[in-house]
There are 4 protein chains.
Amino acid sequence: MDSIRVTVWGENRHEKTNPRVAALYPTGMHNAIADGLRQYPGFEVQTATLDEPEHGLTEDVLRDTDVLTWWGHLAHGDVRDDVVERVRQRVLDGMGLLVLHSGHFSKIFKTLMGTSCDLKWREAGENERIWVVEPGHPIAEGLGETIELEHEEMYGERFDIPQPETLVFLSWFKGGEVFRSGCCYSRGKGRIFYFRPGHETFPTYFHADVRRVIANAARWAAQPPSPKVVFGNAKPRETLEAVTE
Amino acid sequence: MDSIRVTVWGENRHEKTNPRVAALYPTGMHNAIADGLRQYPGFEVQTATLDEPEHGLTEDVLRDTDVLTWWGHLAHGDVRDDVVERVRQRVLDGMGLLVLHSGHFSKIFKTLMGTSCDLKWREAGENERIWVVEPGHPIAEGLGETIELEHEEMYGERFDIPQPETLVFLSWFKGGEVFRSGCCYSRGKGRIFYFRPGHETFPTYFHADVRRVIANAARWAAQPPSPKVVFGNAKPRETLEAVTE
Amino acid sequence: MDSIRVTVWGENRHEKTNPRVAALYPTGMHNAIADGLRQYPGFEVQTATLDEPEHGLTEDVLRDTDVLTWWGHLAHGDVRDDVVERVRQRVLDGMGLLVLHSGHFSKIFKTLMGTSCDLKWREAGENERIWVVEPGHPIAEGLGETIELEHEEMYGERFDIPQPETLVFLSWFKGGEVFRSGCCYSRGKGRIFYFRPGHETFPTYFHADVRRVIANAARWAAQPPSPKVVFGNAKPRETLEAVTE
Amino acid sequence: MDSIRVTVWGENRHEKTNPRVAALYPTGMHNAIADGLRQYPGFEVQTATLDEPEHGLTEDVLRDTDVLTWWGHLAHGDVRDDVVERVRQRVLDGMGLLVLHSGHFSKIFKTLMGTSCDLKWREAGENERIWVVEPGHPIAEGLGETIELEHEEMYGERFDIPQPETLVFLSWFKGGEVFRSGCCYSRGKGRIFYFRPGHETFPTYFHADVRRVIANAARWAAQPPSPKVVFGNAKPRETLEAVTE
């Protein structure tokens, strides 16, 4: 595989209305995420946002995207259903998808999971410690035992998701909760990774380890063209005697 | 748990239009499935069909259903979206769901899986041999090593489903295909089992082992009331110092 | 299934040498565990301990055991290899196994898992909060959202186990760690559940919720006789033409 | 990662005693496997065999091995237990392991799985069709829908293994059996892949698709150095008040 083409999708609304978010992310959260990926070799990164035509996710853009990252929060309902369905088809056809933080409630994640994707939350700025539970997994490459985030929003279990195919990270929150923070899935020929941290009022997407995880996950989710799958009516591969039914 | 309340849902259209199906299943496929369950103790069985008001799946019926079985084929599109969503919510809340044969393409299965649920198929009446790959699983209780079906429709891989949490059965078809025939999932607090055989032109639902599997699966999928899950804003369980953000 | 025959195995050494443990568990930890099970209907409970002949786990005892619970800590090395192998064979043949707390380092658990089963630990008597992450699982029946233990030993990730088939519980520790506390496996025809709490210097096995989990897990792990499995040379099920090799 | 260092381990006994095997594999089966890997860029391949000192698997060799492939059949019992334990420790520390065909009964596979790894078998030279069930998995890259092997030994279910973390391939045999033919596991920080075909009396390891799968699997199993894992007594990460126990 040559370079991995990543499209970083951002809702980009908080940045326009909340001065604190605008101060933290002056070019938008999506650009902080994109810049984090650009620190690593092997990626071609572009961005797309909600208020662009077709949310920036045209057929052409998706066809040329190996991995899509998704951050949304207050405007999940504004995402067009036909674009969600287009993204879903590309995932089933092999595109990787990284769902970030409040993206747990996005249409695209909920439709791929089939569950409510609901959870507990609290904005108290408490510290989060993300533990690596599968140190041999490629998404954990280069990390230490934990990722320490001084201030984050809390997400707590029960997280109503299908059980992950692999659980890479677990979060500890000072207020007493735990959370499955790094969850791998495959759907169709595509790979999906949910990664918890990233509240808009904290500089999480500048954190070196968070950026590393996103880069690792993008590499893990990127796929070479996979075998064509044939569905529908199929001739027998072996001789079948005629059946008199 | 007292007796398990099973609602057997049937599309019940082939039976009205195809004399061969009507001959095989004079009271409808749903009644053959229901009668199979009634051979085992511990079930209270009722049926519901597509052409009843609300497809027979009112709020009241679903609230009093521990396990729903689903057979549909030619009229998936006629099932109302609001009823599908109602069933989905009941599954997430703990109702078991057994999806039978061509139910793989039902709205309820596809929405819970998130994938296309597509597959290969062939109507040649060839023989199917279902191998037990997890003999220790409760759904395999009382079976031998295989279930032998003299004539069945073929379903072949690639079956586009999320990988099963447990794969209980695998099918061998004389024409050269294999299929993941018994697939366990959990979604929300509900348990889902997909079971492959059951083409409408064969007497599959009178087969003793097929009936046994459906009874075993209904027992596995039936749940006692599970812990209430609280989502949303959560107070800390431990003392948090005030954070000056 | 009639009543479930549980054998509660205890190392029973701390109780003889540590006055604090003896005071907490005057009849031994195994009897506290056994008494907890006896609070629930449907169990026939007996105990066995390390210092009995064959550790109390004769062929006869194991043959008549549906579920074995295992607590050991300081004397894992004193358990005879031939008894471990005998237990392993019974598990593969369908006996349930509940591995409790420091049993993570027992020969029987390590040999069934294939990994080191190592972890972090700390004896600081801090509080543990066990979160239910799969509220629909039968092992969580009757619980609330958490189990609160005022004082426990800490176990922390990385826990070097194969990834659980189902992860039912996660622990939060005040000192900053998390742990996969309720882990389901199947091996052969047997079911295995690892449950974390139970340090010998705390009254954990008198805790109502801990007792409930052990009873639920015993029910989950108990299996009716499963299909006989035939291994080895096999005649074809279908006609094979002679192959001239 | 630079090139992947693969050590191809072969029992190399049939080749010395069975003229038919010697004719098919004049330089040994291990060299056919090694040559297959050398057709792909990015591998450094060496071989090791049973009758070398320490079976060719010294501490030095293993330290410099990213992925080990294992083929053995008639002499599993001749493999030294200390070498098996050495290999196991390297797998837990991150080395990949590809277990081929009759390697299902090797000490190293059985000890890592914890189960009997038994199965059905038949030497009738019937045809095998390996179906890709996870076309999006990197081990399936570049394949078609099936791998067709004109003559192979049959292996049939029940295959007594822990359920695979991912099941990539399923085999169909003309005689009526099915088999889970491509099984992914992780143990410790290492990745393990079991791949079914490869009976010594057939030219399976010259088959282009079989070679491709082994190369794909070696790439999948090779890991960059993973995070160091710290086990044992751990200081709290957060302030703990003194506990008066």
# chains A, B, ... in the order shown; residues from 1 in each chain; ligands from 1
call {"tool": "select_by_dssp", "arguments": {"residues": "range 58-159 of chain B", "states": "strand (DSSP E or B)", "output": "MDAnalysis selection string"}}
result
chainID B and resid 67:71 96:100 120:122 128:132 146:149 154:156
call {"tool": "select_by_dssp", "arguments": {"residues": "range 8-202 of chain C", "states": "alpha helix (DSSP H)", "output": "MDAnalysis selection string"}}
result
chainID C and resid 14:17 19:24 29:38 59:63 81:92 107:113
call {"tool": "residues_around", "arguments": {"residues": "range 123-129 of chain A", "least_positions_apart": "2", "cutoff": "8 Å", "atoms": "only C-alpha atoms", "output": "number ranges by chain"}}
result
A: 121, 131, 146-154, 171-175; B: 240, 242-243, 245; C: 176
call {"tool": "residues_around", "arguments": {"residues": "Glu145 in chain C", "least_positions_apart": "2", "cutoff": "9 Å", "atoms": "only C-alpha atoms", "output": "PyMOL selection string"}}
result
(chain A and resi 157-158) or (chain B and resi 227-230) or (chain C and resi 130-133+135+143+147)
call {"tool": "write_last_selection", "arguments": {"atoms": "C-alpha atoms", "output": "compact mmCIF listing (two decimals), in the first residue's frame"}}
result
# COMPACT_ATOMS: atom_id res chain seq x y z
CA GLU A 157 -20.24 2.19 31.48
CA ARG A 158 -22.66 0.72 30.57
CA PRO B 227 -30.26 -4.82 35.74
CA LYS B 228 -31.70 -1.43 34.94
CA VAL B 229 -29.15 0.58 33.01
CA VAL B 230 -28.88 4.30 33.66
CA ILE C 130 -17.13 -3.49 39.96
CA TRP C 131 -19.12 -2.19 36.99
CA VAL C 132 -21.53 -4.39 35.07
CA VAL C 133 -20.64 -3.91 31.42
CA PRO C 135 -26.19 -6.19 31.96
CA LEU C 143 -27.31 -7.05 40.33
CA ILE C 147 -20.85 -4.01 43.19
call {"tool": "atom_distance", "arguments": {"atom1": "CA of Asn233 in chain C", "atom2": "CA of Phe202 in chain D"}}
result
18.7 Å
